[in-house]
$ cat model.json   # JSON, C-alpha atoms
[["chain", "number", "residue", "atom", "x", "y", "z"],
["F", 1, "MET", "CA", 10.43, -38.45, 22.40],
["F", 2, "LYS", "CA", 10.79, -35.08, 24.14],
["F", 3, "ALA", "CA", 14.56, -35.52, 24.17],
["F", 4, "PHE", "CA", 14.53, -36.24, 20.42],
["F", 5, "ALA", "CA", 12.38, -33.16, 19.74],
["F", 6, "ALA", "CA", 14.74, -31.05, 21.83],
["F", 7, "LEU", "CA", 17.71, -32.41, 19.87],
["F", 8, "VAL", "CA", 16.02, -31.55, 16.55],
["F", 9, "LEU", "CA", 15.33, -28.01, 17.75],
["F", 10, "TRP", "CA", 18.93, -27.63, 18.95],
["F", 11, "LEU", "CA", 20.30, -28.84, 15.62],
["F", 12, "PHE", "CA", 17.97, -26.50, 13.74],
["F", 13, "ALA", "CA", 19.11, -23.57, 15.87],
["F", 14, "LEU", "CA", 22.75, -24.53, 15.34],
["F", 15, "GLY", "CA", 22.22, -24.66, 11.56],
["F", 16, "ALA", "CA", 20.51, -21.29, 11.56],
["F", 17, "SER", "CA", 23.29, -19.72, 13.59],
["F", 18, "ALA", "CA", 25.82, -21.09, 11.10],
["F", 19, "GLN", "CA", 24.29, -18.82, 8.48],
["F", 20, "PRO", "CA", 25.72, -15.35, 9.09],
["F", 21, "ALA", "CA", 23.70, -12.17, 9.13],
["F", 22, "LEU", "CA", 25.82, -9.92, 6.90],
["F", 23, "LYS", "CA", 26.13, -6.16, 6.79],
["F", 24, "MET", "CA", 27.08, -4.84, 3.36],
["F", 25, "MET", "CA", 28.43, -1.36, 2.74],
["F", 26, "ILE", "CA", 27.83, -0.10, -0.79],
["F", 27, "PRO", "CA", 29.89, 3.12, -1.04],
["F", 28, "ALA", "CA", 27.73, 4.61, -3.80],
["F", 29, "ASN", "CA", 24.17, 5.74, -4.29],
["F", 30, "PRO", "CA", 21.55, 3.18, -5.43],
["F", 31, "GLY", "CA", 21.34, 2.17, -9.08],
["F", 32, "GLY", "CA", 25.00, 1.95, -10.08],
["F", 33, "GLY", "CA", 27.40, -0.91, -10.70],
["F", 34, "TRP", "CA", 28.50, -1.36, -7.09],
["F", 35, "ASP", "CA", 24.88, -1.37, -5.94],
["F", 36, "GLN", "CA", 23.94, -3.92, -8.60],
["F", 37, "THR", "CA", 26.95, -6.07, -7.71],
["F", 38, "GLY", "CA", 26.28, -6.05, -3.97],
["F", 39, "ARG", "CA", 22.56, -6.73, -4.19],
["F", 40, "ASN", "CA", 22.95, -9.49, -6.77],
["F", 41, "LEU", "CA", 25.71, -11.11, -4.73],
["F", 42, "ALA", "CA", 23.42, -11.05, -1.69],
["F", 43, "ALA", "CA", 20.59, -12.54, -3.76],
["F", 44, "ALA", "CA", 22.90, -15.38, -4.81],
["F", 45, "MET", "CA", 23.79, -15.98, -1.16],
["F", 46, "HIS", "CA", 20.11, -16.09, -0.23],
["F", 47, "SER", "CA", 19.30, -18.44, -3.11],
["F", 48, "ALA", "CA", 21.75, -21.01, -1.73],
["F", 49, "LYS", "CA", 20.77, -20.35, 1.91],
["F", 50, "LEU", "CA", 24.34, -19.26, 2.69],
["F", 51, "VAL", "CA", 23.22, -16.33, 4.86],
["F", 52, "SER", "CA", 20.28, -15.64, 7.14],
["F", 53, "SER", "CA", 20.05, -11.98, 6.09],
["F", 54, "VAL", "CA", 21.95, -9.12, 4.46],
["F", 55, "GLN", "CA", 21.56, -5.55, 5.65],
["F", 56, "PHE", "CA", 22.59, -2.92, 3.08],
["F", 57, "GLU", "CA", 23.86, 0.60, 3.57],
["F", 58, "ASN", "CA", 24.43, 2.95, 0.62],
["F", 59, "LYS", "CA", 26.85, 5.79, 1.30],
["F", 60, "GLY", "CA", 27.79, 7.58, -1.91],
["F", 61, "GLY", "CA", 30.31, 10.28, -2.69],
["F", 62, "ALA", "CA", 33.99, 10.92, -3.38],
["F", 63, "ALA", "CA", 34.55, 7.77, -5.46],
["F", 64, "GLY", "CA", 33.57, 5.63, -2.50],
["F", 65, "ALA", "CA", 35.89, 7.36, -0.04],
["F", 66, "ILE", "CA", 33.02, 8.43, 2.24],
["F", 67, "GLY", "CA", 31.61, 4.91, 2.47],
["F", 68, "LEU", "CA", 35.10, 3.44, 2.80],
["F", 69, "ALA", "CA", 35.95, 5.76, 5.69],
["F", 70, "GLN", "CA", 32.74, 4.83, 7.49],
["F", 71, "PHE", "CA", 33.38, 1.13, 6.89],
["F", 72, "VAL", "CA", 36.93, 1.38, 8.21],
["F", 73, "ASN", "CA", 35.78, 3.19, 11.36],
["F", 74, "SER", "CA", 32.59, 1.26, 12.17],
["F", 75, "ALA", "CA", 33.24, -2.30, 11.00],
["F", 76, "LYS", "CA", 36.68, -2.95, 12.49],
["F", 77, "GLY", "CA", 37.01, -6.58, 13.58],
["F", 78, "ASP", "CA", 33.50, -7.50, 12.37],
["F", 79, "PRO", "CA", 33.69, -10.89, 10.57],
["F", 80, "ASN", "CA", 30.23, -10.43, 9.04],
["F", 81, "ALA", "CA", 30.81, -7.06, 7.38],
["F", 82, "LEU", "CA", 31.47, -6.67, 3.65],
["F", 83, "MET", "CA", 32.05, -3.73, 1.34],
["F", 84, "ILE", "CA", 31.79, -3.53, -2.44],
["F", 85, "GLY", "CA", 34.47, -1.65, -4.38],
["F", 86, "GLY", "CA", 36.62, -1.80, -7.46],
["F", 87, "MET", "CA", 38.66, -0.05, -10.09],
["F", 88, "VAL", "CA", 36.65, 3.17, -9.79],
["F", 89, "MET", "CA", 37.57, 3.43, -6.12],
["F", 90, "VAL", "CA", 41.27, 2.82, -6.79],
["F", 91, "GLY", "CA", 41.37, 5.66, -9.31],
["F", 92, "GLY", "CA", 39.20, 8.03, -7.30],
["F", 93, "LEU", "CA", 41.16, 7.59, -4.07],
["F", 94, "TYR", "CA", 44.43, 8.27, -5.89],
["F", 95, "LEU", "CA", 43.02, 11.29, -7.69],
["F", 96, "GLN", "CA", 41.74, 12.83, -4.46],
["F", 97, "LYS", "CA", 44.86, 11.97, -2.46],
["F", 98, "SER", "CA", 42.45, 10.35, -0.01],
["F", 99, "PRO", "CA", 43.61, 9.74, 3.58],
["F", 100, "VAL", "CA", 41.78, 6.37, 3.53],
["F", 101, "GLY", "CA", 42.65, 3.56, 1.17],
["F", 102, "LEU", "CA", 42.06, -0.08, 0.33],
["F", 103, "ALA", "CA", 45.14, -1.04, 2.32],
["F", 104, "GLN", "CA", 43.00, -0.44, 5.42],
["F", 105, "VAL", "CA", 40.44, -3.16, 4.58],
["F", 106, "THR", "CA", 40.70, -6.89, 3.92],
["F", 107, "PRO", "CA", 40.58, -8.04, 0.26],
["F", 108, "ILE", "CA", 38.15, -10.95, -0.08],
["F", 109, "ALA", "CA", 37.54, -11.54, -3.78],
["F", 110, "ARG", "CA", 37.54, -9.94, -7.20],
["F", 111, "LEU", "CA", 34.18, -10.80, -8.73],
["F", 112, "THR", "CA", 33.55, -9.32, -12.17],
["F", 113, "SER", "CA", 34.95, -7.36, -15.05],
["F", 114, "GLU", "CA", 32.76, -5.23, -17.27],
["F", 115, "TRP", "CA", 33.34, -3.38, -20.50],
["F", 116, "GLU", "CA", 32.39, 0.27, -20.65],
["F", 117, "VAL", "CA", 29.81, 1.66, -23.05],
["F", 118, "ILE", "CA", 29.38, 5.16, -24.50],
["F", 119, "VAL", "CA", 25.77, 6.22, -24.93],
["F", 120, "VAL", "CA", 23.74, 9.23, -25.97],
["F", 121, "PRO", "CA", 20.03, 9.88, -25.35],
["F", 122, "ALA", "CA", 17.75, 8.59, -28.08],
["F", 123, "GLY", "CA", 17.02, 12.12, -29.29],
["F", 124, "SER", "CA", 20.68, 13.11, -29.58],
["F", 125, "PRO", "CA", 21.81, 14.67, -32.88],
["F", 126, "HIS", "CA", 24.95, 12.49, -32.67],
["F", 127, "ARG", "CA", 23.90, 9.33, -34.45],
["F", 128, "THR", "CA", 27.34, 7.69, -34.49],
["F", 129, "LEU", "CA", 30.58, 7.70, -32.53],
["F", 130, "ALA", "CA", 32.29, 9.46, -35.44],
["F", 131, "GLU", "CA", 29.78, 12.32, -35.28],
["F", 132, "LEU", "CA", 30.20, 12.71, -31.52],
["F", 133, "LEU", "CA", 33.99, 12.66, -31.70],
["F", 134, "GLN", "CA", 34.05, 15.12, -34.59],
["F", 135, "VAL", "CA", 32.31, 17.72, -32.41],
["F", 136, "PHE", "CA", 34.51, 16.75, -29.45],
["F", 137, "LYS", "CA", 37.66, 17.23, -31.52],
["F", 138, "GLU", "CA", 36.56, 20.61, -32.87],
["F", 139, "ASN", "CA", 35.37, 21.94, -29.51],
["F", 140, "PRO", "CA", 36.13, 19.66, -26.52],
["F", 141, "GLY", "CA", 34.24, 21.83, -24.03],
["F", 142, "LYS", "CA", 31.05, 21.54, -26.05],
["F", 143, "VAL", "CA", 30.79, 17.81, -25.34],
["F", 144, "SER", "CA", 30.02, 16.91, -21.72],
["F", 145, "TRP", "CA", 30.62, 13.35, -20.57],
["F", 146, "GLY", "CA", 28.49, 12.06, -17.69],
["F", 147, "GLY", "CA", 29.68, 9.14, -15.60],
["F", 148, "GLY", "CA", 30.75, 7.95, -12.18],
["F", 149, "SER", "CA", 33.25, 9.42, -9.78],
["F", 150, "ALA", "CA", 36.07, 11.69, -10.93],
["F", 151, "GLY", "CA", 39.18, 9.63, -11.59],
["F", 152, "GLY", "CA", 37.17, 6.44, -11.95],
["F", 153, "THR", "CA", 36.93, 4.09, -14.92],
["F", 154, "ASP", "CA", 34.38, 6.26, -16.76],
["F", 155, "HIS", "CA", 36.54, 9.37, -16.39],
["F", 156, "MET", "CA", 39.67, 7.50, -17.43],
["F", 157, "LEU", "CA", 37.93, 6.17, -20.54],
["F", 158, "ALA", "CA", 36.88, 9.68, -21.62],
["F", 159, "GLY", "CA", 40.46, 10.86, -21.11],
["F", 160, "LEU", "CA", 41.94, 7.93, -23.01],
["F", 161, "ILE", "CA", 39.57, 8.56, -25.92],
["F", 162, "ALA", "CA", 40.60, 12.21, -25.95],
["F", 163, "ARG", "CA", 44.28, 11.34, -26.05],
["F", 164, "ALA", "CA", 43.71, 8.75, -28.78],
["F", 165, "ILE", "CA", 42.10, 11.31, -31.12],
["F", 166, "GLY", "CA", 44.54, 14.12, -30.38],
["F", 167, "VAL", "CA", 42.60, 16.12, -27.77],
["F", 168, "GLU", "CA", 44.33, 17.23, -24.57],
["F", 169, "PRO", "CA", 42.78, 14.99, -21.85],
["F", 170, "ALA", "CA", 42.68, 17.88, -19.38],
["F", 171, "ARG", "CA", 40.12, 19.54, -21.70],
["F", 172, "VAL", "CA", 37.56, 16.78, -21.19],
["F", 173, "ASN", "CA", 34.34, 18.29, -19.82],
["F", 174, "TYR", "CA", 33.54, 15.50, -17.36],
["F", 175, "VAL", "CA", 30.51, 15.55, -15.05],
["F", 176, "ALA", "CA", 30.74, 13.11, -12.14],
["F", 177, "TYR", "CA", 27.69, 11.57, -10.49],
["F", 178, "LYS", "CA", 27.49, 9.76, -7.15],
["F", 179, "GLY", "CA", 25.49, 6.82, -8.50],
["F", 180, "GLY", "CA", 24.25, 5.19, -11.66],
["F", 181, "GLY", "CA", 20.69, 6.35, -11.06],
["F", 182, "GLU", "CA", 21.76, 10.00, -11.12],
["F", 183, "ALA", "CA", 23.82, 9.47, -14.27],
["F", 184, "VAL", "CA", 20.92, 7.77, -16.08],
["F", 185, "ALA", "CA", 18.56, 10.62, -15.18],
["F", 186, "ALA", "CA", 21.09, 13.22, -16.38],
["F", 187, "ILE", "CA", 21.64, 11.47, -19.71],
["F", 188, "LEU", "CA", 17.94, 10.90, -20.36],
["F", 189, "GLY", "CA", 17.26, 14.50, -19.39],
["F", 190, "GLY", "CA", 19.83, 15.81, -21.86],
["F", 191, "HIS", "CA", 21.92, 17.42, -19.11],
["F", 192, "VAL", "CA", 25.09, 15.87, -20.59],
["F", 193, "THR", "CA", 26.02, 15.15, -24.19],
["F", 194, "ALA", "CA", 27.06, 11.55, -23.68],
["F", 195, "GLY", "CA", 27.19, 8.96, -20.92],
["F", 196, "VAL", "CA", 29.99, 6.59, -19.98],
["F", 197, "SER", "CA", 29.50, 3.59, -17.72],
["F", 198, "GLY", "CA", 29.53, -0.17, -17.44],
["F", 199, "LEU", "CA", 27.45, -1.99, -20.03],
["F", 200, "GLY", "CA", 25.08, -3.36, -17.40],
["F", 201, "GLU", "CA", 24.19, 0.04, -15.97],
["F", 202, "PHE", "CA", 22.69, 1.32, -19.23],
["F", 203, "ALA", "CA", 21.48, -2.02, -20.61],
["F", 204, "GLU", "CA", 17.79, -1.51, -19.79],
["F", 205, "GLN", "CA", 17.69, 1.99, -21.29],
["F", 206, "VAL", "CA", 19.50, 0.85, -24.44],
["F", 207, "LYS", "CA", 17.16, -2.12, -24.89],
["F", 208, "ALA", "CA", 14.14, 0.13, -24.31],
["F", 209, "GLY", "CA", 15.35, 2.55, -26.99],
["F", 210, "LYS", "CA", 15.79, 5.42, -24.52],
["F", 211, "MET", "CA", 19.54, 5.52, -25.11],
["F", 212, "ARG", "CA", 21.67, 4.79, -28.18],
["F", 213, "ALA", "CA", 24.91, 2.88, -27.63],
["F", 214, "LEU", "CA", 27.75, 4.22, -29.79],
["F", 215, "ALA", "CA", 30.71, 2.07, -28.72],
["F", 216, "VAL", "CA", 32.08, -0.37, -26.15],
["F", 217, "SER", "CA", 35.58, -0.42, -24.68],
["F", 218, "ALA", "CA", 36.09, -4.11, -25.49],
["F", 219, "PRO", "CA", 38.54, -5.28, -28.16],
["F", 220, "ALA", "CA", 35.63, -6.34, -30.40],
["F", 221, "LYS", "CA", 31.87, -5.98, -30.76],
["F", 222, "VAL", "CA", 29.73, -6.82, -27.70],
["F", 223, "GLU", "CA", 25.96, -7.43, -27.90],
["F", 224, "GLY", "CA", 25.90, -5.88, -31.34],
["F", 225, "ILE", "CA", 27.69, -2.70, -30.22],
["F", 226, "ALA", "CA", 30.88, -1.94, -32.17],
["F", 227, "SER", "CA", 34.05, -1.43, -30.17],
["F", 228, "LEU", "CA", 36.11, 1.74, -30.07],
["F", 229, "LYS", "CA", 38.93, -0.12, -31.79],
["F", 230, "GLU", "CA", 36.66, -1.26, -34.60],
["F", 231, "GLN", "CA", 35.75, 2.40, -35.13],
["F", 232, "GLY", "CA", 39.33, 3.62, -35.32],
["F", 233, "VAL", "CA", 39.88, 4.67, -31.69],
["F", 234, "ASP", "CA", 42.73, 2.63, -30.20],
["F", 235, "VAL", "CA", 41.40, 2.32, -26.64],
["F", 236, "GLU", "CA", 40.47, -0.77, -24.60],
["F", 237, "LEU", "CA", 39.45, -0.68, -20.93],
["F", 238, "GLY", "CA", 37.72, -3.11, -18.54],
["F", 239, "ASN", "CA", 36.27, -2.28, -15.13],
["F", 240, "TRP", "CA", 36.65, -4.79, -12.28],
["F", 241, "ARG", "CA", 34.59, -4.98, -9.09],
["F", 242, "GLY", "CA", 35.16, -6.92, -5.92],
["F", 243, "VAL", "CA", 34.28, -7.38, -2.28],
["F", 244, "PHE", "CA", 36.24, -6.51, 0.86],
["F", 245, "GLY", "CA", 36.10, -7.48, 4.53],
["F", 246, "ALA", "CA", 36.52, -5.29, 7.56],
["F", 247, "PRO", "CA", 39.87, -4.18, 8.98],
["F", 248, "GLY", "CA", 41.32, -6.32, 11.74],
["F", 249, "ILE", "CA", 39.64, -9.65, 11.06],
["F", 250, "SER", "CA", 41.64, -12.85, 11.52],
["F", 251, "PRO", "CA", 42.96, -15.00, 8.66],
["F", 252, "GLN", "CA", 40.37, -17.64, 9.59],
["F", 253, "GLN", "CA", 37.55, -15.08, 9.44],
["F", 254, "ARG", "CA", 38.85, -13.84, 6.10],
["F", 255, "ASP", "CA", 38.95, -17.40, 4.74],
["F", 256, "ALA", "CA", 35.36, -17.97, 5.90],
["F", 257, "LEU", "CA", 34.26, -14.89, 3.95],
["F", 258, "VAL", "CA", 36.24, -16.04, 0.90],
["F", 259, "LYS", "CA", 34.43, -19.41, 1.06],
["F", 260, "LEU", "CA", 31.06, -17.69, 1.45],
["F", 261, "VAL", "CA", 31.64, -15.46, -1.58],
["F", 262, "ARG", "CA", 33.14, -18.31, -3.62],
["F", 263, "ASP", "CA", 30.09, -20.48, -2.89],
["F", 264, "ALA", "CA", 27.76, -17.63, -3.85],
["F", 265, "THR", "CA", 29.50, -17.14, -7.20],
["F", 266, "ALA", "CA", 29.02, -20.86, -7.97],
["F", 267, "THR", "CA", 25.21, -20.58, -7.76],
["F", 268, "PRO", "CA", 22.85, -20.59, -10.74],
["F", 269, "ALA", "CA", 21.53, -17.24, -9.49],
["F", 270, "TRP", "CA", 24.94, -15.59, -9.82],
["F", 271, "ARG", "CA", 25.60, -17.14, -13.24],
["F", 272, "ALA", "CA", 22.23, -15.78, -14.37],
["F", 273, "THR", "CA", 23.26, -12.34, -13.08],
["F", 274, "LEU", "CA", 26.48, -12.43, -15.12],
["F", 275, "ASP", "CA", 24.51, -13.27, -18.26],
["F", 276, "LYS", "CA", 21.83, -10.66, -17.62],
["F", 277, "MET", "CA", 24.25, -7.83, -16.81],
["F", 278, "GLY", "CA", 26.88, -8.67, -19.41],
["F", 279, "TRP", "CA", 29.54, -9.15, -16.72],
["F", 280, "THR", "CA", 32.52, -11.50, -16.98],
["F", 281, "GLY", "CA", 33.33, -13.60, -13.93],
["F", 282, "VAL", "CA", 36.98, -13.06, -12.91],
["F", 283, "PHE", "CA", 37.05, -14.60, -9.43],
["F", 284, "LEU", "CA", 40.32, -14.07, -7.59],
["F", 285, "ALA", "CA", 40.55, -14.54, -3.83],
["F", 286, "GLY", "CA", 42.52, -13.61, -0.74],
["F", 287, "GLU", "CA", 46.23, -12.93, -1.12],
["F", 288, "GLU", "CA", 46.12, -13.23, -4.92],
["F", 289, "PHE", "CA", 43.43, -10.54, -4.99],
["F", 290, "LYS", "CA", 45.56, -8.36, -2.71],
["F", 291, "ARG", "CA", 48.54, -8.66, -5.06],
["F", 292, "PHE", "CA", 46.30, -7.82, -8.01],
["F", 293, "ILE", "CA", 45.09, -4.64, -6.25],
["F", 294, "ASP", "CA", 48.67, -3.57, -5.52],
["F", 295, "GLU", "CA", 49.65, -3.98, -9.19],
["F", 296, "ASP", "CA", 46.48, -2.40, -10.56],
["F", 297, "SER", "CA", 46.85, 0.59, -8.23],
["F", 298, "LYS", "CA", 50.23, 1.36, -9.81],
["F", 299, "ARG", "CA", 48.80, 0.96, -13.34],
["F", 300, "ILE", "CA", 45.81, 3.22, -12.63],
["F", 301, "ALA", "CA", 48.00, 5.86, -10.99],
["F", 302, "ALA", "CA", 50.16, 5.93, -14.11],
["F", 303, "VAL", "CA", 47.09, 6.37, -16.34],
["F", 304, "ILE", "CA", 45.73, 9.22, -14.20],
["F", 305, "ASP", "CA", 49.12, 10.94, -14.11],
["F", 306, "SER", "CA", 49.42, 10.66, -17.88],
["F", 307, "LEU", "CA", 46.00, 12.25, -18.29],
["F", 308, "GLY", "CA", 46.96, 15.24, -16.17],
["F", 309, "ILE", "CA", 43.78, 15.13, -14.07],
["F", 310, "ARG", "CA", 45.39, 14.84, -10.64],
["F", 311, "LYS", "CA", 45.79, 18.25, -9.05]]
$ encode --input "model.json" --output "structure tokens"
Amino acid sequence: MKAFAALVLWLFALGASAQPALKMMIPANPGGGWDQTGRNLAAAMHSAKLVSSVQFENKGGAAGAIGLAQFVNSAKGDPNALMIGGMVMVGGLYLQKSPVGLAQVTPIARLTSEWEVIVVPAGSPHRTLAELLQVFKENPGKVSWGGGSAGGTDHMLAGLIARAIGVEPARVNYVAYKGGGEAVAAILGGHVTAGVSGLGEFAEQVKAGKMRALAVSAPAKVEGIASLKEQGVDVELGNWRGVFGAPGISPQQRDALVKLVRDATATPAWRATLDKMGWTGVFLAGEEFKRFIDEDSKRIAAVIDSLGIRK
């Protein structure tokens, strides 16, 4: 009987040890899209008992370059370390001519794509997109656009809108914030004219009537919000987010992380997150994800160059 009890305890310990204790770097301040992605992914892992614990670290600034640099230096060879990133980071790193890049980490999986939304505070005098863009066209500097990191998706969208309506993109008065929480506070406080971000980041404020959504960057209406194209502005832009492993892990360790993330995205908890946040699941793993990053990096660099915002 004692031998059987010992065997049960050994098997229990073995099962527990098979569940990794993850460390997750979120290279942005709390409240934004990367933070939401990382914490919801971890919640999905917990819901399916895929991990024993997840320890988070938020390190915002420089379009994720500060957090990326720390991750590259401190997590090398760690098979249980993950970092959240995405299109914003690709653009920001290129814009800043950053000495660190995504080539230094291990692509695990692309997770989501999200349409951008343009909002104004509820008390704004700009009731419609047309009213906002009329002022912007007449005096570009008078309209300030608040969003994420310089060179990121939000910044690119503001520049693409400018170009589409005949305004020199370099004249966009763009105010970059380190995290979604800061951007929300600035918009609600009237410190910027309009806000640009992923639909999920402003969803609560829009539903609560604290912000007014003027347009989405999708090809057609989303959640009752008319698209830019439907309002005569020929711009469409989606923002992807994904997860990365540490530098120097083995192919087997990478594959184990791919399986872990794949299993998490198959859970009811993750599907509920996609519905709640208005995200589209676009899972792409391993080498295919790496090839996608290489191609998207070239596309984003071309957009930034065409906007004249890289010094």
$ residues_around --input "model.json" --residues "Arg254 of chain F" --least-positions-apart "2" --cutoff "10 Å" --atoms "all atoms listed in the file" --output "list in words"
Pro79, Asn80, Thr106, Pro107, Ile108, Phe244, Gly245, Ala246, Gly248, Ile249, Ser250, Pro251, Gln252, Ala256, Leu257, Val258, Lys259, Leu260 and Gly286 of chain F
$ write_last_selection --input "model.json" --atoms "C-alpha atoms" --output "PDB file, keeping the file's coordinate frame"
ATOM      1  CA  PRO F  79      33.690 -10.890  10.570  1.00  0.00           C
ATOM      2  CA  ASN F  80      30.230 -10.430   9.040  1.00  0.00           C
ATOM      3  CA  THR F 106      40.700  -6.890   3.920  1.00  0.00           C
ATOM      4  CA  PRO F 107      40.580  -8.040   0.260  1.00  0.00           C
ATOM      5  CA  ILE F 108      38.150 -10.950  -0.080  1.00  0.00           C
ATOM      6  CA  PHE F 244      36.240  -6.510   0.860  1.00  0.00           C
ATOM      7  CA  GLY F 245      36.100  -7.480   4.530  1.00  0.00           C
ATOM      8  CA  ALA F 246      36.520  -5.290   7.560  1.00  0.00           C
ATOM      9  CA  GLY F 248      41.320  -6.320  11.740  1.00  0.00           C
ATOM     10  CA  ILE F 249      39.640  -9.650  11.060  1.00  0.00           C
ATOM     11  CA  SER F 250      41.640 -12.850  11.520  1.00  0.00           C
ATOM     12  CA  PRO F 251      42.960 -15.000   8.660  1.00  0.00           C
ATOM     13  CA  GLN F 252      40.370 -17.640   9.590  1.00  0.00           C
ATOM     14  CA  ALA F 256      35.360 -17.970   5.900  1.00  0.00           C
ATOM     15  CA  LEU F 257      34.260 -14.890   3.950  1.00  0.00           C
ATOM     16  CA  VAL F 258      36.240 -16.040   0.900  1.00  0.00           C
ATOM     17  CA  LYS F 259      34.430 -19.410   1.060  1.00  0.00           C
ATOM     18  CA  LEU F 260      31.060 -17.690   1.450  1.00  0.00           C
ATOM     19  CA  GLY F 286      42.520 -13.610  -0.740  1.00  0.00           C
TER      20      GLY F 286
END
$ closest_residue --input "model.json" --among "F:Arg271, F:Lys97, F:Lys76, F:Arg127" --to "Gly151 of chain F" --atoms "all atoms listed in the file"
F:Lys97
$ closest_atom_pairs --input "model.json" --of "segment 137-158 of chain F" --to "segment 233-240 of chain F" --cutoff "9 Å" --atoms "only C-alpha atoms" --output "CSV"
residue,atom,partner,partner_atom,distance
F:Thr153,CA,F:Asn239,CA,6.4
F:Asp154,CA,F:Asn239,CA,8.9
F:Met156,CA,F:Leu237,CA,8.9
F:Leu157,CA,F:Leu237,CA,7.0
$ atom_distance --input "model.json" --atom1 "atom CA of Phe136 of chain F" --atom2 "atom CA of Gly166 of chain F"
10.4 Å
$ closest_residue --input "model.json" --among "F:Leu214, F:Ala28, F:Ala81, F:Ala42" --to "Thr273 of chain F" --atoms "all atoms listed in the file"
F:Ala42
$ closest_residue --input "model.json" --among "F:Ile118, F:Ile165, F:Ala269, F:Ile304" --to "Lys49 of chain F" --atoms "all atoms listed in the file"
F:Ala269
$ residues_near_point --input "model.json" --point "(30.1, -4.0, -6.0)" --cutoff "12 Å" --atoms "all atoms listed in the file" --output "PyMOL selection string"
chain F and resi 24-42+56+58+64+82-89+109-114+239-244+279
$ closest_residue --input "model.json" --among "F:Lys221, F:Lys298, F:Arg310, F:Arg262" --to "Val117 of chain F" --atoms "all atoms listed in the file"
F:Lys221
$ residues_around --input "model.json" --residues "Tyr174 of chain F" --least-positions-apart "2" --cutoff "6 Å" --atoms "only C-alpha atoms" --output "VMD selection string"
chain F and resid 144 to 145 172
$ atom_distance --input "model.json" --atom1 "atom CA of Gly224 of chain F" --atom2 "atom CA of His126 of chain F"
18.4 Å
$ closest_residue --input "model.json" --among "F:His46, F:Glu131, F:Gly152, F:Gly159" --to "Tyr94 of chain F" --atoms "all atoms listed in the file"
F:Gly152
$ closest_residue --input "model.json" --among "F:Leu228, F:Ile300, F:Leu307, F:Met211" --to "Gly123 of chain F" --atoms "all atoms listed in the file"
F:Met211
$ atom_distance --input "model.json" --atom1 "atom CA of Val51 of chain F" --atom2 "atom CA of Lys290 of chain F"
24.9 Å
$ residues_near_point --input "model.json" --point "(36.3, -3.9, -25.1)" --cutoff "7 Å" --atoms "all atoms listed in the file" --output "VMD selection string"
chain F and resid 115 216 to 220 227 236 to 238
